[in-house]
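Printed here is upload.tsv (TSV, N, CA and C atoms):
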```tsv
chain	number	residue	atom	x	y	z
A	82	MET	N	-12.30	-20.73	8.95
A	82	MET	CA	-11.82	-19.68	8.05
A	82	MET	C	-13.03	-19.12	7.29
A	83	ASP	N	-13.19	-17.81	7.33
A	83	ASP	CA	-14.34	-17.23	6.64
A	83	ASP	C	-14.01	-16.99	5.17
A	84	ASN	N	-15.02	-16.61	4.40
A	84	ASN	CA	-14.90	-16.45	2.97
A	84	ASN	C	-13.83	-15.44	2.56
A	85	ALA	N	-13.81	-14.28	3.21
A	85	ALA	CA	-12.82	-13.24	2.87
A	85	ALA	C	-11.41	-13.74	3.17
A	86	GLU	N	-11.26	-14.41	4.29
A	86	GLU	CA	-9.94	-14.94	4.64
A	86	GLU	C	-9.49	-15.99	3.62
A	87	GLN	N	-10.42	-16.85	3.21
A	87	GLN	CA	-10.10	-17.87	2.20
A	87	GLN	C	-9.70	-17.23	0.87
A	88	LYS	N	-10.45	-16.21	0.47
A	88	LYS	CA	-10.12	-15.51	-0.77
A	88	LYS	C	-8.73	-14.89	-0.68
A	89	PHE	N	-8.47	-14.23	0.45
A	89	PHE	CA	-7.18	-13.56	0.62
A	89	PHE	C	-6.04	-14.58	0.57
A	90	GLU	N	-6.18	-15.67	1.29
A	90	GLU	CA	-5.14	-16.71	1.31
A	90	GLU	C	-4.92	-17.30	-0.07
A	91	LYS	N	-5.99	-17.53	-0.79
A	91	LYS	CA	-5.88	-18.07	-2.15
A	91	LYS	C	-5.16	-17.07	-3.06
A	92	ALA	N	-5.53	-15.80	-2.97
A	92	ALA	CA	-4.87	-14.77	-3.77
A	92	ALA	C	-3.39	-14.67	-3.43
A	93	PHE	N	-3.08	-14.75	-2.14
A	93	PHE	CA	-1.69	-14.69	-1.70
A	93	PHE	C	-0.89	-15.84	-2.31
A	94	GLU	N	-1.46	-17.03	-2.33
A	94	GLU	CA	-0.78	-18.19	-2.92
A	94	GLU	C	-0.56	-18.00	-4.42
A	95	PHE	N	-1.57	-17.50	-5.12
A	95	PHE	CA	-1.40	-17.24	-6.56
A	95	PHE	C	-0.31	-16.20	-6.79
A	96	SER	N	-0.26	-15.18	-5.94
A	96	SER	CA	0.75	-14.14	-6.06
A	96	SER	C	2.15	-14.72	-5.85
A	97	LYS	N	2.27	-15.60	-4.85
A	97	LYS	CA	3.57	-16.22	-4.54
A	97	LYS	C	4.11	-17.04	-5.71
A	98	VAL	N	3.22	-17.72	-6.42
A	98	VAL	CA	3.68	-18.58	-7.53
A	98	VAL	C	3.72	-17.82	-8.86
A	99	GLY	N	3.40	-16.53	-8.82
A	99	GLY	CA	3.53	-15.71	-10.02
A	99	GLY	C	2.30	-15.63	-10.90
A	100	ASP	N	1.18	-16.20	-10.48
A	100	ASP	CA	-0.06	-16.09	-11.26
A	100	ASP	C	-0.76	-14.79	-10.83
A	101	LEU	N	-0.20	-13.68	-11.28
A	101	LEU	CA	-0.65	-12.37	-10.82
A	101	LEU	C	-2.06	-12.04	-11.29
A	102	ASP	N	-2.40	-12.45	-12.50
A	102	ASP	CA	-3.75	-12.16	-13.01
A	102	ASP	C	-4.81	-12.83	-12.14
A	103	LYS	N	-4.57	-14.06	-11.76
A	103	LYS	CA	-5.53	-14.78	-10.91
A	103	LYS	C	-5.59	-14.13	-9.52
A	104	ALA	N	-4.43	-13.75	-8.99
A	104	ALA	CA	-4.39	-13.09	-7.68
A	104	ALA	C	-5.20	-11.79	-7.73
A	105	ILE	N	-5.01	-11.01	-8.78
A	105	ILE	CA	-5.72	-9.74	-8.92
A	105	ILE	C	-7.22	-9.97	-9.02
A	106	GLU	N	-7.61	-10.95	-9.78
A	106	GLU	CA	-9.04	-11.27	-9.93
A	106	GLU	C	-9.68	-11.57	-8.57
A	107	ILE	N	-9.01	-12.36	-7.77
A	107	ILE	CA	-9.55	-12.73	-6.45
A	107	ILE	C	-9.54	-11.52	-5.51
A	108	LEU	N	-8.45	-10.78	-5.50
A	108	LEU	CA	-8.34	-9.62	-4.61
A	108	LEU	C	-9.39	-8.56	-4.92
A	109	LYS	N	-9.69	-8.37	-6.19
A	109	LYS	CA	-10.71	-7.40	-6.57
A	109	LYS	C	-12.10	-7.84	-6.14
A	110	ALA	N	-12.26	-9.14	-5.87
A	110	ALA	CA	-13.55	-9.66	-5.43
A	110	ALA	C	-13.78	-9.47	-3.93
A	111	ILE	N	-12.74	-9.09	-3.20
A	111	ILE	CA	-12.88	-8.83	-1.76
A	111	ILE	C	-13.33	-7.38	-1.59
A	112	SER	N	-14.51	-7.22	-1.02
A	112	SER	CA	-15.08	-5.88	-0.87
A	112	SER	C	-15.16	-5.48	0.60
A	113	ARG	N	-15.55	-4.24	0.81
A	113	ARG	CA	-15.72	-3.75	2.18
A	113	ARG	C	-16.75	-4.59	2.94
A	114	LYS	N	-17.71	-5.14	2.22
A	114	LYS	CA	-18.74	-5.98	2.84
A	114	LYS	C	-18.15	-7.25	3.46
A	115	ASP	N	-16.99	-7.66	2.96
A	115	ASP	CA	-16.33	-8.86	3.48
A	115	ASP	C	-15.63	-8.61	4.81
A	116	GLY	N	-15.59	-7.35	5.22
A	116	GLY	CA	-14.96	-7.00	6.49
A	116	GLY	C	-13.79	-6.06	6.25
A	117	ALA	N	-13.67	-5.10	7.12
A	117	ALA	CA	-12.67	-4.04	6.98
A	117	ALA	C	-11.24	-4.59	6.98
A	118	GLU	N	-10.98	-5.56	7.86
A	118	GLU	CA	-9.61	-6.08	7.98
A	118	GLU	C	-9.14	-6.71	6.68
A	119	TYR	N	-9.95	-7.60	6.11
A	119	TYR	CA	-9.53	-8.28	4.89
A	119	TYR	C	-9.60	-7.37	3.67
A	120	TYR	N	-10.52	-6.43	3.67
A	120	TYR	CA	-10.56	-5.47	2.57
A	120	TYR	C	-9.25	-4.66	2.54
A	121	ALA	N	-8.82	-4.17	3.70
A	121	ALA	CA	-7.58	-3.39	3.76
A	121	ALA	C	-6.38	-4.24	3.36
A	122	LYS	N	-6.29	-5.45	3.87
A	122	LYS	CA	-5.20	-6.34	3.50
A	122	LYS	C	-5.22	-6.64	2.01
A	123	ALA	N	-6.41	-6.85	1.48
A	123	ALA	CA	-6.55	-7.14	0.05
A	123	ALA	C	-6.09	-5.96	-0.79
A	124	GLN	N	-6.40	-4.74	-0.35
A	124	GLN	CA	-5.98	-3.56	-1.09
A	124	GLN	C	-4.45	-3.44	-1.12
A	125	ILE	N	-3.80	-3.76	-0.01
A	125	ILE	CA	-2.34	-3.70	0.03
A	125	ILE	C	-1.75	-4.74	-0.92
A	126	LEU	N	-2.20	-5.99	-0.82
A	126	LEU	CA	-1.68	-7.04	-1.69
A	126	LEU	C	-2.02	-6.75	-3.15
A	127	LEU	N	-3.20	-6.21	-3.40
A	127	LEU	CA	-3.59	-5.85	-4.76
A	127	LEU	C	-2.65	-4.77	-5.31
A	128	GLY	N	-2.36	-3.76	-4.51
A	128	GLY	CA	-1.43	-2.72	-4.94
A	128	GLY	C	-0.05	-3.28	-5.25
A	129	ILE	N	0.44	-4.15	-4.39
A	129	ILE	CA	1.76	-4.77	-4.61
A	129	ILE	C	1.75	-5.57	-5.90
A	130	THR	N	0.69	-6.33	-6.11
A	130	THR	CA	0.59	-7.18	-7.29
A	130	THR	C	0.49	-6.34	-8.56
A	131	LEU	N	-0.29	-5.28	-8.51
A	131	LEU	CA	-0.39	-4.39	-9.67
A	131	LEU	C	0.95	-3.74	-9.98
A	132	ARG	N	1.68	-3.34	-8.95
A	132	ARG	CA	3.02	-2.77	-9.16
A	132	ARG	C	3.93	-3.79	-9.82
A	133	ARG	N	3.83	-5.04	-9.41
A	133	ARG	CA	4.65	-6.09	-10.01
A	133	ARG	C	4.35	-6.24	-11.50
A	134	GLN	N	3.12	-5.91	-11.89
A	134	GLN	CA	2.75	-5.96	-13.31
A	134	GLN	C	3.05	-4.65	-14.04
A	135	GLY	N	3.57	-3.67	-13.31
A	135	GLY	CA	3.88	-2.39	-13.93
A	135	GLY	C	2.68	-1.45	-14.02
A	136	LYS	N	1.61	-1.80	-13.35
A	136	LYS	CA	0.38	-0.98	-13.37
A	136	LYS	C	0.39	-0.02	-12.19
A	137	VAL	N	1.30	0.93	-12.26
A	137	VAL	CA	1.57	1.83	-11.14
A	137	VAL	C	0.37	2.73	-10.84
A	138	ASP	N	-0.26	3.28	-11.87
A	138	ASP	CA	-1.41	4.17	-11.64
A	138	ASP	C	-2.56	3.44	-10.95
A	139	GLU	N	-2.77	2.19	-11.33
A	139	GLU	CA	-3.81	1.39	-10.66
A	139	GLU	C	-3.42	1.11	-9.22
A	140	ALA	N	-2.14	0.85	-8.99
A	140	ALA	CA	-1.67	0.60	-7.62
A	140	ALA	C	-1.89	1.84	-6.75
A	141	ILE	N	-1.61	3.02	-7.30
A	141	ILE	CA	-1.83	4.26	-6.56
A	141	ILE	C	-3.30	4.39	-6.17
A	142	GLU	N	-4.18	4.10	-7.10
A	142	GLU	CA	-5.62	4.18	-6.81
A	142	GLU	C	-6.02	3.22	-5.70
A	143	VAL	N	-5.49	2.02	-5.76
A	143	VAL	CA	-5.82	1.00	-4.77
A	143	VAL	C	-5.29	1.40	-3.39
A	144	TYR	N	-4.03	1.82	-3.33
A	144	TYR	CA	-3.46	2.24	-2.04
A	144	TYR	C	-4.24	3.41	-1.45
A	145	SER	N	-4.77	4.25	-2.31
A	145	SER	CA	-5.54	5.41	-1.84
A	145	SER	C	-6.88	5.02	-1.24
A	146	ASN	N	-7.32	3.79	-1.48
A	146	ASN	CA	-8.59	3.29	-0.91
A	146	ASN	C	-8.47	2.90	0.56
A	147	VAL	N	-7.26	2.77	1.06
A	147	VAL	CA	-7.06	2.29	2.44
A	147	VAL	C	-7.22	3.45	3.41
A	148	SER	N	-8.09	3.25	4.38
A	148	SER	CA	-8.42	4.29	5.35
A	148	SER	C	-7.79	4.01	6.71
A	149	ARG	N	-7.27	5.05	7.33
A	149	ARG	CA	-6.71	4.92	8.67
A	149	ARG	C	-7.78	4.47	9.66
A	150	LYS	N	-9.01	5.00	9.52
A	150	LYS	CA	-10.09	4.66	10.45
A	150	LYS	C	-10.42	3.18	10.42
A	151	VAL	N	-10.26	2.56	9.27
A	151	VAL	CA	-10.61	1.15	9.11
A	151	VAL	C	-9.48	0.23	9.58
A	152	ASN	N	-8.23	0.57	9.19
A	152	ASN	CA	-7.09	-0.26	9.54
A	152	ASN	C	-5.83	0.60	9.50
A	153	ALA	N	-5.43	1.10	10.66
A	153	ALA	CA	-4.31	2.05	10.73
A	153	ALA	C	-3.01	1.44	10.23
A	154	GLU	N	-2.77	0.18	10.51
A	154	GLU	CA	-1.53	-0.46	10.07
A	154	GLU	C	-1.48	-0.57	8.54
A	155	ALA	N	-2.59	-0.98	7.94
A	155	ALA	CA	-2.64	-1.07	6.47
A	155	ALA	C	-2.53	0.33	5.86
A	156	TYR	N	-3.12	1.32	6.52
A	156	TYR	CA	-3.02	2.70	6.04
A	156	TYR	C	-1.56	3.15	6.02
A	157	ALA	N	-0.83	2.84	7.07
A	157	ALA	CA	0.59	3.21	7.14
A	157	ALA	C	1.37	2.54	6.01
A	158	THR	N	1.07	1.28	5.76
A	158	THR	CA	1.71	0.55	4.66
A	158	THR	C	1.41	1.22	3.33
A	159	ALA	N	0.13	1.53	3.12
A	159	ALA	CA	-0.28	2.16	1.86
A	159	ALA	C	0.39	3.51	1.67
A	160	GLN	N	0.44	4.32	2.72
A	160	GLN	CA	1.07	5.64	2.61
A	160	GLN	C	2.57	5.53	2.34
A	161	LEU	N	3.21	4.58	2.98
A	161	LEU	CA	4.63	4.35	2.74
A	161	LEU	C	4.87	3.97	1.29
A	162	PHE	N	4.08	3.03	0.77
A	162	PHE	CA	4.21	2.61	-0.61
A	162	PHE	C	3.89	3.75	-1.58
A	163	LEU	N	2.89	4.56	-1.24
A	163	LEU	CA	2.58	5.73	-2.08
A	163	LEU	C	3.76	6.69	-2.13
A	164	GLY	N	4.38	6.92	-0.98
A	164	GLY	CA	5.54	7.79	-0.94
A	164	GLY	C	6.66	7.28	-1.84
A	165	ILE	N	6.89	5.99	-1.79
A	165	ILE	CA	7.94	5.38	-2.62
A	165	ILE	C	7.62	5.56	-4.10
A	166	ILE	N	6.37	5.27	-4.47
A	166	ILE	CA	5.96	5.42	-5.87
A	166	ILE	C	6.10	6.87	-6.32
A	167	PHE	N	5.56	7.79	-5.52
A	167	PHE	CA	5.61	9.20	-5.92
A	167	PHE	C	7.05	9.69	-6.06
A	168	LYS	N	7.93	9.25	-5.16
A	168	LYS	CA	9.34	9.65	-5.26
A	168	LYS	C	9.93	9.13	-6.57
A	169	MET	N	9.64	7.89	-6.91
A	169	MET	CA	10.15	7.32	-8.15
A	169	MET	C	9.61	8.07	-9.37
A	170	GLN	N	8.40	8.59	-9.26
A	170	GLN	CA	7.80	9.34	-10.36
A	170	GLN	C	8.25	10.80	-10.39
A	171	GLY	N	9.02	11.21	-9.40
A	171	GLY	CA	9.47	12.60	-9.33
A	171	GLY	C	8.42	13.54	-8.77
A	172	LYS	N	7.37	13.00	-8.19
A	172	LYS	CA	6.31	13.81	-7.57
A	172	LYS	C	6.67	14.01	-6.10
A	173	ILE	N	7.65	14.86	-5.88
A	173	ILE	CA	8.28	15.00	-4.57
A	173	ILE	C	7.31	15.49	-3.50
A	174	ASN	N	6.49	16.49	-3.81
A	174	ASN	CA	5.55	16.99	-2.80
A	174	ASN	C	4.53	15.94	-2.39
A	175	ARG	N	4.09	15.13	-3.35
A	175	ARG	CA	3.16	14.06	-3.01
A	175	ARG	C	3.85	12.98	-2.17
A	176	ALA	N	5.12	12.71	-2.49
A	176	ALA	CA	5.88	11.73	-1.69
A	176	ALA	C	6.02	12.24	-0.26
A	177	ILE	N	6.38	13.50	-0.12
A	177	ILE	CA	6.54	14.09	1.21
A	177	ILE	C	5.22	13.99	1.99
A	178	ASN	N	4.13	14.33	1.36
A	178	ASN	CA	2.83	14.25	2.04
A	178	ASN	C	2.50	12.83	2.46
A	179	SER	N	2.78	11.86	1.60
A	179	SER	CA	2.51	10.46	1.94
A	179	SER	C	3.34	10.01	3.12
A	180	TYR	N	4.63	10.34	3.11
A	180	TYR	CA	5.50	9.96	4.23
A	180	TYR	C	5.03	10.63	5.52
A	181	ARG	N	4.60	11.87	5.42
A	181	ARG	CA	4.14	12.57	6.62
A	181	ARG	C	2.81	12.04	7.14
A	182	ASN	N	2.05	11.36	6.31
A	182	ASN	CA	0.77	10.79	6.73
A	182	ASN	C	0.94	9.59	7.67
A	183	VAL	N	2.12	8.99	7.69
A	183	VAL	CA	2.35	7.82	8.53
A	183	VAL	C	2.63	8.29	9.95
A	184	ARG	N	1.82	7.83	10.88
A	184	ARG	CA	1.98	8.20	12.29
A	184	ARG	C	2.61	7.06	13.07
A	185	ARG	N	3.28	7.41	14.13
A	185	ARG	CA	3.94	6.42	14.98
A	185	ARG	C	2.95	5.37	15.48
A	186	ASN	N	1.76	5.80	15.89
A	186	ASN	CA	0.80	4.83	16.44
A	186	ASN	C	0.09	4.01	15.37
A	187	ASP	N	0.31	4.32	14.08
A	187	ASP	CA	-0.23	3.48	13.01
A	187	ASP	C	0.57	2.17	12.94
A	188	ASN	N	1.88	2.33	12.88
A	188	ASN	CA	2.80	1.20	12.80
A	188	ASN	C	4.21	1.76	13.03
A	189	VAL	N	4.82	1.38	14.11
A	189	VAL	CA	6.11	1.96	14.51
A	189	VAL	C	7.18	1.75	13.44
A	190	GLN	N	7.26	0.55	12.89
A	190	GLN	CA	8.29	0.27	11.89
A	190	GLN	C	8.08	1.10	10.62
A	191	HIS	N	6.83	1.18	10.17
A	191	HIS	CA	6.54	1.97	8.97
A	191	HIS	C	6.76	3.45	9.24
A	192	TYR	N	6.45	3.87	10.44
A	192	TYR	CA	6.70	5.27	10.81
A	192	TYR	C	8.19	5.58	10.72
A	193	ALA	N	9.01	4.70	11.29
A	193	ALA	CA	10.46	4.92	11.25
A	193	ALA	C	10.97	4.94	9.82
A	194	MET	N	10.49	4.01	9.01
A	194	MET	CA	10.91	3.96	7.62
A	194	MET	C	10.46	5.20	6.86
A	195	ALA	N	9.24	5.64	7.11
A	195	ALA	CA	8.73	6.85	6.44
A	195	ALA	C	9.54	8.07	6.85
A	196	GLN	N	9.93	8.14	8.12
A	196	GLN	CA	10.74	9.27	8.59
A	196	GLN	C	12.11	9.28	7.91
A	197	VAL	N	12.71	8.12	7.76
A	197	VAL	CA	14.01	8.03	7.08
A	197	VAL	C	13.86	8.46	5.63
A	198	LYS	N	12.84	7.93	4.96
A	198	LYS	CA	12.62	8.28	3.55
A	198	LYS	C	12.29	9.76	3.41
A	199	LEU	N	11.53	10.30	4.34
A	199	LEU	CA	11.21	11.72	4.33
A	199	LEU	C	12.49	12.55	4.47
A	200	GLY	N	13.35	12.17	5.38
A	200	GLY	CA	14.62	12.87	5.56
A	200	GLY	C	15.48	12.85	4.30
A	201	ILE	N	15.50	11.71	3.64
A	201	ILE	CA	16.28	11.59	2.40
A	201	ILE	C	15.71	12.51	1.32
A	202	VAL	N	14.39	12.49	1.18
A	202	VAL	CA	13.75	13.34	0.17
A	202	VAL	C	14.02	14.82	0.46
A	203	LEU	N	13.87	15.21	1.70
A	203	LEU	CA	14.09	16.61	2.06
A	203	LEU	C	15.55	17.01	1.87
A	204	GLU	N	16.46	16.10	2.18
A	204	GLU	CA	17.89	16.37	1.97
A	204	GLU	C	18.18	16.52	0.48
A	205	GLU	N	17.64	15.63	-0.33
A	205	GLU	CA	17.84	15.72	-1.78
A	205	GLU	C	17.25	17.02	-2.32
A	206	GLN	N	16.11	17.38	-1.79
A	206	GLN	CA	15.44	18.61	-2.24
A	206	GLN	C	16.27	19.84	-1.88
A	207	SER	N	16.89	19.84	-0.71
A	207	SER	CA	17.70	21.00	-0.30
A	207	SER	C	18.96	21.10	-1.14
A	208	ASN	N	19.46	19.98	-1.63
A	208	ASN	CA	20.64	19.99	-2.51
A	208	ASN	C	20.29	20.51	-3.91
A	209	ILE	N	19.03	20.34	-4.31
A	209	ILE	CA	18.58	20.81	-5.61
A	209	ILE	C	18.33	22.32	-5.56
A	210	ASP	N	17.69	22.76	-4.48
A	210	ASP	CA	17.35	24.18	-4.34
A	210	ASP	C	18.61	24.94	-4.15
```
Please rewrite the model in this file as C-alpha cells.
Amino acid sequence: MDNAEQKFEKAFEFSKVGDLDKAIEILKAISRKDGAEYYAKAQILLGITLRRQGKVDEAIEVYSNVSRKVNAEAYATAQLFLGIIFKMQGKINRAINSYRNVRRNDNVQHYAMAQVKLGIVLEEQSNID
C-alpha cells in the first residue's frame, strides 16, 4: 500500500466514525503529486465530508478541482454532486450545466442519474415559466 492509498484509507475510516475534522486534515494532505487517482478520490471524499459539516461553498470548490482528463469517473461523481448542490441552492442554470457535463463514458450509472435529475430540473423549470 503506497502513502496516498494509506492516507486515503485512514481518512475514510475517520469519516466513517464521524471524526470529520481529522478526515479533512488527512484528505487535504493528499496532493496531485501523490498520484491522480488518489487525488481525485480524495477530492470526492473531501467534498462529501465538507458537505456533512455544512461547508457547502468549500465542497463546491473541491468538486471543481476534479478533472475529467485525470479521472473521468471521479469527474462524473463531482459533476453530479455539483448539480445536486446547485439545485438545492436554486442555481438552476449551474445545476443544468453540471448535469450535462456528465457523459455516458465517464460513468454509466452517474450519467443515468444525471439525466434523470436533468429531466426533473427541466420539467420543474417549464412549470415555472
A:Ala153, A:Leu131, A:Ala123, A:Leu108 ranked by distance to Asn186 (chain A), top pick (using all atoms listed in the file) |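 The answer is A:Ala153, which sits nearest to Asn186 (chain A).
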Write out as a CSV table (one decimal) with N, CA and C atoms, in the frame of the given file each polymer residue whose atoms come within 8 Å of Asn146 (chain A), counting all atoms listed in the file; drop sequence neighbours fewer than 6 positions from it.
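The resulting result-v5.csv:
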```csv
chain,number,residue,atom,x,y,z
A,120,TYR,N,-10.5,-6.4,3.7
A,120,TYR,CA,-10.6,-5.5,2.6
A,120,TYR,C,-9.2,-4.7,2.5
A,121,ALA,N,-8.8,-4.2,3.7
A,121,ALA,CA,-7.6,-3.4,3.8
A,121,ALA,C,-6.4,-4.2,3.4
A,124,GLN,N,-6.4,-4.7,-0.4
A,124,GLN,CA,-6.0,-3.6,-1.1
A,124,GLN,C,-4.4,-3.4,-1.1
A,140,ALA,N,-2.1,0.8,-9.0
A,140,ALA,CA,-1.7,0.6,-7.6
A,140,ALA,C,-1.9,1.8,-6.8
A,156,TYR,N,-3.1,1.3,6.5
A,156,TYR,CA,-3.0,2.7,6.0
A,156,TYR,C,-1.6,3.2,6.0
A,159,ALA,N,0.1,1.5,3.1
A,159,ALA,CA,-0.3,2.2,1.9
A,159,ALA,C,0.4,3.5,1.7
```
Within-12 Å shell of (-7.8, 2.4, 8.7) in input frame, only C-alpha atoms, as a PDB file with N, CA and C atoms, in the frame of the given file:
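Output below, filename result_32.pdb:
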```
ATOM      1  N   ARG A 113     -15.550  -4.240   0.810  1.00  0.00           N
ATOM      2  CA  ARG A 113     -15.720  -3.750   2.180  1.00  0.00           C
ATOM      3  C   ARG A 113     -16.750  -4.590   2.940  1.00  0.00           C
ATOM      4  N   ALA A 117     -13.670  -5.100   7.120  1.00  0.00           N
ATOM      5  CA  ALA A 117     -12.670  -4.040   6.980  1.00  0.00           C
ATOM      6  C   ALA A 117     -11.240  -4.590   6.980  1.00  0.00           C
ATOM      7  N   GLU A 118     -10.980  -5.560   7.860  1.00  0.00           N
ATOM      8  CA  GLU A 118      -9.610  -6.080   7.980  1.00  0.00           C
ATOM      9  C   GLU A 118      -9.140  -6.710   6.680  1.00  0.00           C
ATOM     10  N   TYR A 119      -9.950  -7.600   6.110  1.00  0.00           N
ATOM     11  CA  TYR A 119      -9.530  -8.280   4.890  1.00  0.00           C
ATOM     12  C   TYR A 119      -9.600  -7.370   3.670  1.00  0.00           C
ATOM     13  N   TYR A 120     -10.520  -6.430   3.670  1.00  0.00           N
ATOM     14  CA  TYR A 120     -10.560  -5.470   2.570  1.00  0.00           C
ATOM     15  C   TYR A 120      -9.250  -4.660   2.540  1.00  0.00           C
ATOM     16  N   ALA A 121      -8.820  -4.170   3.700  1.00  0.00           N
ATOM     17  CA  ALA A 121      -7.580  -3.390   3.760  1.00  0.00           C
ATOM     18  C   ALA A 121      -6.380  -4.240   3.360  1.00  0.00           C
ATOM     19  N   LYS A 122      -6.290  -5.450   3.870  1.00  0.00           N
ATOM     20  CA  LYS A 122      -5.200  -6.340   3.500  1.00  0.00           C
ATOM     21  C   LYS A 122      -5.220  -6.640   2.010  1.00  0.00           C
ATOM     22  N   GLN A 124      -6.400  -4.740  -0.350  1.00  0.00           N
ATOM     23  CA  GLN A 124      -5.980  -3.560  -1.090  1.00  0.00           C
ATOM     24  C   GLN A 124      -4.450  -3.440  -1.120  1.00  0.00           C
ATOM     25  N   ILE A 125      -3.800  -3.760  -0.010  1.00  0.00           N
ATOM     26  CA  ILE A 125      -2.340  -3.700   0.030  1.00  0.00           C
ATOM     27  C   ILE A 125      -1.750  -4.740  -0.920  1.00  0.00           C
ATOM     28  N   TYR A 144      -4.030   1.820  -3.330  1.00  0.00           N
ATOM     29  CA  TYR A 144      -3.460   2.240  -2.040  1.00  0.00           C
ATOM     30  C   TYR A 144      -4.240   3.410  -1.450  1.00  0.00           C
ATOM     31  N   SER A 145      -4.770   4.250  -2.310  1.00  0.00           N
ATOM     32  CA  SER A 145      -5.540   5.410  -1.840  1.00  0.00           C
ATOM     33  C   SER A 145      -6.880   5.020  -1.240  1.00  0.00           C
ATOM     34  N   ASN A 146      -7.320   3.790  -1.480  1.00  0.00           N
ATOM     35  CA  ASN A 146      -8.590   3.290  -0.910  1.00  0.00           C
ATOM     36  C   ASN A 146      -8.470   2.900   0.560  1.00  0.00           C
ATOM     37  N   VAL A 147      -7.260   2.770   1.060  1.00  0.00           N
ATOM     38  CA  VAL A 147      -7.060   2.290   2.440  1.00  0.00           C
ATOM     39  C   VAL A 147      -7.220   3.450   3.410  1.00  0.00           C
ATOM     40  N   SER A 148      -8.090   3.250   4.380  1.00  0.00           N
ATOM     41  CA  SER A 148      -8.420   4.290   5.350  1.00  0.00           C
ATOM     42  C   SER A 148      -7.790   4.010   6.710  1.00  0.00           C
ATOM     43  N   ARG A 149      -7.270   5.050   7.330  1.00  0.00           N
ATOM     44  CA  ARG A 149      -6.710   4.920   8.670  1.00  0.00           C
ATOM     45  C   ARG A 149      -7.780   4.470   9.660  1.00  0.00           C
ATOM     46  N   LYS A 150      -9.010   5.000   9.520  1.00  0.00           N
ATOM     47  CA  LYS A 150     -10.090   4.660  10.450  1.00  0.00           C
ATOM     48  C   LYS A 150     -10.420   3.180  10.420  1.00  0.00           C
ATOM     49  N   VAL A 151     -10.260   2.560   9.270  1.00  0.00           N
ATOM     50  CA  VAL A 151     -10.610   1.150   9.110  1.00  0.00           C
ATOM     51  C   VAL A 151      -9.480   0.230   9.580  1.00  0.00           C
ATOM     52  N   ASN A 152      -8.230   0.570   9.190  1.00  0.00           N
ATOM     53  CA  ASN A 152      -7.090  -0.260   9.540  1.00  0.00           C
ATOM     54  C   ASN A 152      -5.830   0.600   9.500  1.00  0.00           C
ATOM     55  N   ALA A 153      -5.430   1.100  10.660  1.00  0.00           N
ATOM     56  CA  ALA A 153      -4.310   2.050  10.730  1.00  0.00           C
ATOM     57  C   ALA A 153      -3.010   1.440  10.230  1.00  0.00           C
ATOM     58  N   GLU A 154      -2.770   0.180  10.510  1.00  0.00           N
ATOM     59  CA  GLU A 154      -1.530  -0.460  10.070  1.00  0.00           C
ATOM     60  C   GLU A 154      -1.480  -0.570   8.540  1.00  0.00           C
ATOM     61  N   ALA A 155      -2.590  -0.980   7.940  1.00  0.00           N
ATOM     62  CA  ALA A 155      -2.640  -1.070   6.470  1.00  0.00           C
ATOM     63  C   ALA A 155      -2.530   0.330   5.860  1.00  0.00           C
ATOM     64  N   TYR A 156      -3.120   1.320   6.520  1.00  0.00           N
ATOM     65  CA  TYR A 156      -3.020   2.700   6.040  1.00  0.00           C
ATOM     66  C   TYR A 156      -1.560   3.150   6.020  1.00  0.00           C
ATOM     67  N   ALA A 157      -0.830   2.840   7.070  1.00  0.00           N
ATOM     68  CA  ALA A 157       0.590   3.210   7.140  1.00  0.00           C
ATOM     69  C   ALA A 157       1.370   2.540   6.010  1.00  0.00           C
ATOM     70  N   THR A 158       1.070   1.280   5.760  1.00  0.00           N
ATOM     71  CA  THR A 158       1.710   0.550   4.660  1.00  0.00           C
ATOM     72  C   THR A 158       1.410   1.220   3.330  1.00  0.00           C
ATOM     73  N   ALA A 159       0.130   1.530   3.120  1.00  0.00           N
ATOM     74  CA  ALA A 159      -0.280   2.160   1.860  1.00  0.00           C
ATOM     75  C   ALA A 159       0.390   3.510   1.670  1.00  0.00           C
ATOM     76  N   GLN A 160       0.440   4.320   2.720  1.00  0.00           N
ATOM     77  CA  GLN A 160       1.070   5.640   2.610  1.00  0.00           C
ATOM     78  C   GLN A 160       2.570   5.530   2.340  1.00  0.00           C
ATOM     79  N   VAL A 183       2.120   8.990   7.690  1.00  0.00           N
ATOM     80  CA  VAL A 183       2.350   7.820   8.530  1.00  0.00           C
ATOM     81  C   VAL A 183       2.630   8.290   9.950  1.00  0.00           C
ATOM     82  N   ARG A 184       1.820   7.830  10.880  1.00  0.00           N
ATOM     83  CA  ARG A 184       1.980   8.200  12.290  1.00  0.00           C
ATOM     84  C   ARG A 184       2.610   7.060  13.070  1.00  0.00           C
ATOM     85  N   ASN A 186       1.760   5.800  15.890  1.00  0.00           N
ATOM     86  CA  ASN A 186       0.800   4.830  16.440  1.00  0.00           C
ATOM     87  C   ASN A 186       0.090   4.010  15.370  1.00  0.00           C
ATOM     88  N   ASP A 187       0.310   4.320  14.080  1.00  0.00           N
ATOM     89  CA  ASP A 187      -0.230   3.480  13.010  1.00  0.00           C
ATOM     90  C   ASP A 187       0.570   2.170  12.940  1.00  0.00           C
ATOM     91  N   ASN A 188       1.880   2.330  12.880  1.00  0.00           N
ATOM     92  CA  ASN A 188       2.800   1.200  12.800  1.00  0.00           C
ATOM     93  C   ASN A 188       4.210   1.760  13.030  1.00  0.00           C
TER      94      ASN A 188
END
```
To one decimal place, how far is CA of Lys88 (chain A) from CA of Val137 (chain A) in Å?
-> 23.3 Å
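The neighbours of Asn84 (chain A) here are the residues that come within 8 Å of it, using all atoms listed in the file and leaving out any residue fewer than 3 positions away in the same chain; they are Gln87, Lys88, Phe89, Glu90, Ile111 and Asp115 of chain A.
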Find the residues around Glu205 (chain A) up to 12 Å (only C-alpha atoms counted), leave out those fewer than 4 positions away in its own chain, and share them as a PyMOL selection string.
-> chain A and resi 168+171+173+177+198-201+209-210
Backbone DSSP call of helix (DSSP H, G or I) for region 97-197 of chain A, listed as a PyMOL selection string | chain A and resi 97+101-109+113-115+117-133+137-144+153-169+173-182+189-197
State, in Å with one decimal place, the distance from CA of Ala176 (chain A) to CA of Lys97 (chain A).
-> 28.2 Å
Please indicate the distance in Å from atom N of Lys109 (chain A) to CA of Ile165 (chain A), rounded to one decimal place.
-> 22.6 Å
